[in-house]
Amino acid sequence: DVEHSWYHHQSDVLMLTGRVRSGQKVTARKHLLILGDVNPGGEVLAGGDIFIMGSMRGTAIAGQPDNREAIVLALDFQPTQVQIGKVVAAGLPPSPKKVTEFAYMENGTIVVEDYLEADPFGRLPWPQVR
């Protein structure tokens, strides 16, 4: 029962509003939600998923230390580097069109896809705690 469990579950999400500037580092124990941009030279690190509701142009390190199920999602996905678990991808080509994209690990490599086309959470039958 989702309604019952909601009242007995502490949030695992650190939610921040604003811009992560060059030289700044934001760390979250579990999931991280940034309502803003991550500029080049900025770094965001989380034990779980990272969601950027803005431009991602810095470094994103998700799934620390070894969560291979974590994802990194941004409305404008142009990171200088993405790391999921222990796997690192740098120099990802920017998308030719403005679409919401996300990175995840598959077969030991980092894959970037259009979020709306892939619909990664659409296949879940019921809300789940990640």
# chains A, B, ... in the order shown; residues from 1 in each chain; ligands from 1
>>> residues_around(residues="Ala46 of chain A", least_positions_apart="2", cutoff="12 Å", atoms="only C-alpha atoms", output="MDAnalysis selection string")
chainID A and resid 12:15 25:34 43:44 48:51 59:67 70:72 82:85
>>> residues_around(residues="Pro96 of chain A", least_positions_apart="5", cutoff="12 Å", atoms="only C-alpha atoms", output="ChimeraX atom specification")
/A:76-78,101,114
>>> select_by_dssp(residues="chain A", states="helix (DSSP H, G or I)", output="ChimeraX atom specification")
/A:2-6,115-118
>>> residues_around(residues="Gly36 of chain A", least_positions_apart="5", cutoff="9 Å", atoms="only C-alpha atoms", output="PyMOL selection string")
chain A and resi 16-20+52-56
>>> select_by_dssp(residues="segment 20-65 of chain A", states="strand (DSSP E)", output="list in words")
Lys25, Val26, Thr27, Ala28, His31, Leu32, Leu33, Ile34, Leu35, Glu43, Val44, Leu45, Ala46, Ile50, Phe51, Ile52, Met53, Gly54, Ser55, Met56, Thr59, Ala60, Ile61 and Ala62 of chain A
>>> write_last_selection(atoms="N, CA and C atoms", output="mmCIF file, in the first residue's frame")
data_model
loop_
_atom_site.group_PDB
_atom_site.id
_atom_site.type_symbol
_atom_site.label_atom_id
_atom_site.label_comp_id
_atom_site.auth_asym_id
_atom_site.auth_seq_id
_atom_site.Cartn_x
_atom_site.Cartn_y
_atom_site.Cartn_z
ATOM 1 N N LYS A 25 30.974 21.416 -5.548
ATOM 2 C CA LYS A 25 30.675 19.981 -5.531
ATOM 3 C C LYS A 25 29.484 19.762 -4.608
ATOM 4 N N VAL A 26 28.482 19.052 -5.105
ATOM 5 C CA VAL A 26 27.303 18.719 -4.319
ATOM 6 C C VAL A 26 27.268 17.203 -4.168
ATOM 7 N N THR A 27 27.113 16.734 -2.937
ATOM 8 C CA THR A 27 27.107 15.298 -2.650
ATOM 9 C C THR A 27 25.821 14.917 -1.936
ATOM 10 N N ALA A 28 25.204 13.818 -2.381
ATOM 11 C CA ALA A 28 23.993 13.294 -1.749
ATOM 12 C C ALA A 28 24.218 11.842 -1.364
ATOM 13 N N HIS A 31 19.692 9.745 -3.538
ATOM 14 C CA HIS A 31 19.363 10.386 -4.810
ATOM 15 C C HIS A 31 19.542 11.895 -4.722
ATOM 16 N N LEU A 32 19.786 12.530 -5.882
ATOM 17 C CA LEU A 32 20.001 13.970 -5.945
ATOM 18 C C LEU A 32 19.129 14.568 -7.038
ATOM 19 N N LEU A 33 18.395 15.625 -6.686
ATOM 20 C CA LEU A 33 17.562 16.362 -7.631
ATOM 21 C C LEU A 33 17.994 17.820 -7.584
ATOM 22 N N ILE A 34 18.457 18.333 -8.712
ATOM 23 C CA ILE A 34 18.868 19.732 -8.816
ATOM 24 C C ILE A 34 17.849 20.449 -9.700
ATOM 25 N N LEU A 35 17.189 21.460 -9.152
ATOM 26 C CA LEU A 35 16.273 22.296 -9.926
ATOM 27 C C LEU A 35 17.085 23.498 -10.399
ATOM 28 N N GLU A 43 30.444 19.730 -10.069
ATOM 29 C CA GLU A 43 30.383 18.275 -9.894
ATOM 30 C C GLU A 43 29.227 17.917 -8.980
ATOM 31 N N VAL A 44 28.453 16.913 -9.389
ATOM 32 C CA VAL A 44 27.382 16.384 -8.555
ATOM 33 C C VAL A 44 27.632 14.896 -8.360
ATOM 34 N N LEU A 45 27.489 14.429 -7.128
ATOM 35 C CA LEU A 45 27.797 13.048 -6.770
ATOM 36 C C LEU A 45 26.661 12.511 -5.912
ATOM 37 N N ALA A 46 26.219 11.284 -6.193
ATOM 38 C CA ALA A 46 25.128 10.681 -5.427
ATOM 39 C C ALA A 46 25.312 9.177 -5.311
ATOM 40 N N ILE A 50 20.710 10.675 -10.240
ATOM 41 C CA ILE A 50 20.887 12.125 -10.316
ATOM 42 C C ILE A 50 19.921 12.653 -11.371
ATOM 43 N N PHE A 51 19.108 13.637 -10.978
ATOM 44 C CA PHE A 51 18.166 14.288 -11.884
ATOM 45 C C PHE A 51 18.478 15.777 -11.916
ATOM 46 N N ILE A 52 18.737 16.304 -13.108
ATOM 47 C CA ILE A 52 19.033 17.722 -13.281
ATOM 48 C C ILE A 52 17.895 18.333 -14.096
ATOM 49 N N MET A 53 17.123 19.205 -13.479
ATOM 50 C CA MET A 53 16.030 19.881 -14.163
ATOM 51 C C MET A 53 16.573 21.193 -14.723
ATOM 52 N N GLY A 54 17.480 21.062 -15.659
ATOM 53 C CA GLY A 54 18.173 22.174 -16.289
ATOM 54 C C GLY A 54 19.278 21.602 -17.148
ATOM 55 N N SER A 55 20.322 22.383 -17.352
ATOM 56 C CA SER A 55 21.456 21.953 -18.180
ATOM 57 C C SER A 55 22.492 21.221 -17.338
ATOM 58 N N MET A 56 22.957 20.087 -17.845
ATOM 59 C CA MET A 56 24.026 19.320 -17.212
ATOM 60 C C MET A 56 25.259 19.465 -18.081
ATOM 61 N N THR A 59 30.264 17.532 -14.307
ATOM 62 C CA THR A 59 30.535 16.116 -14.048
ATOM 63 C C THR A 59 29.450 15.541 -13.161
ATOM 64 N N ALA A 60 28.922 14.380 -13.543
ATOM 65 C CA ALA A 60 27.911 13.676 -12.756
ATOM 66 C C ALA A 60 28.452 12.305 -12.382
ATOM 67 N N ILE A 61 28.421 12.002 -11.078
ATOM 68 C CA ILE A 61 28.904 10.719 -10.573
ATOM 69 C C ILE A 61 27.763 10.098 -9.784
ATOM 70 N N ALA A 62 27.122 9.090 -10.358
ATOM 71 C CA ALA A 62 25.944 8.466 -9.754
ATOM 72 C C ALA A 62 26.269 7.040 -9.324
#
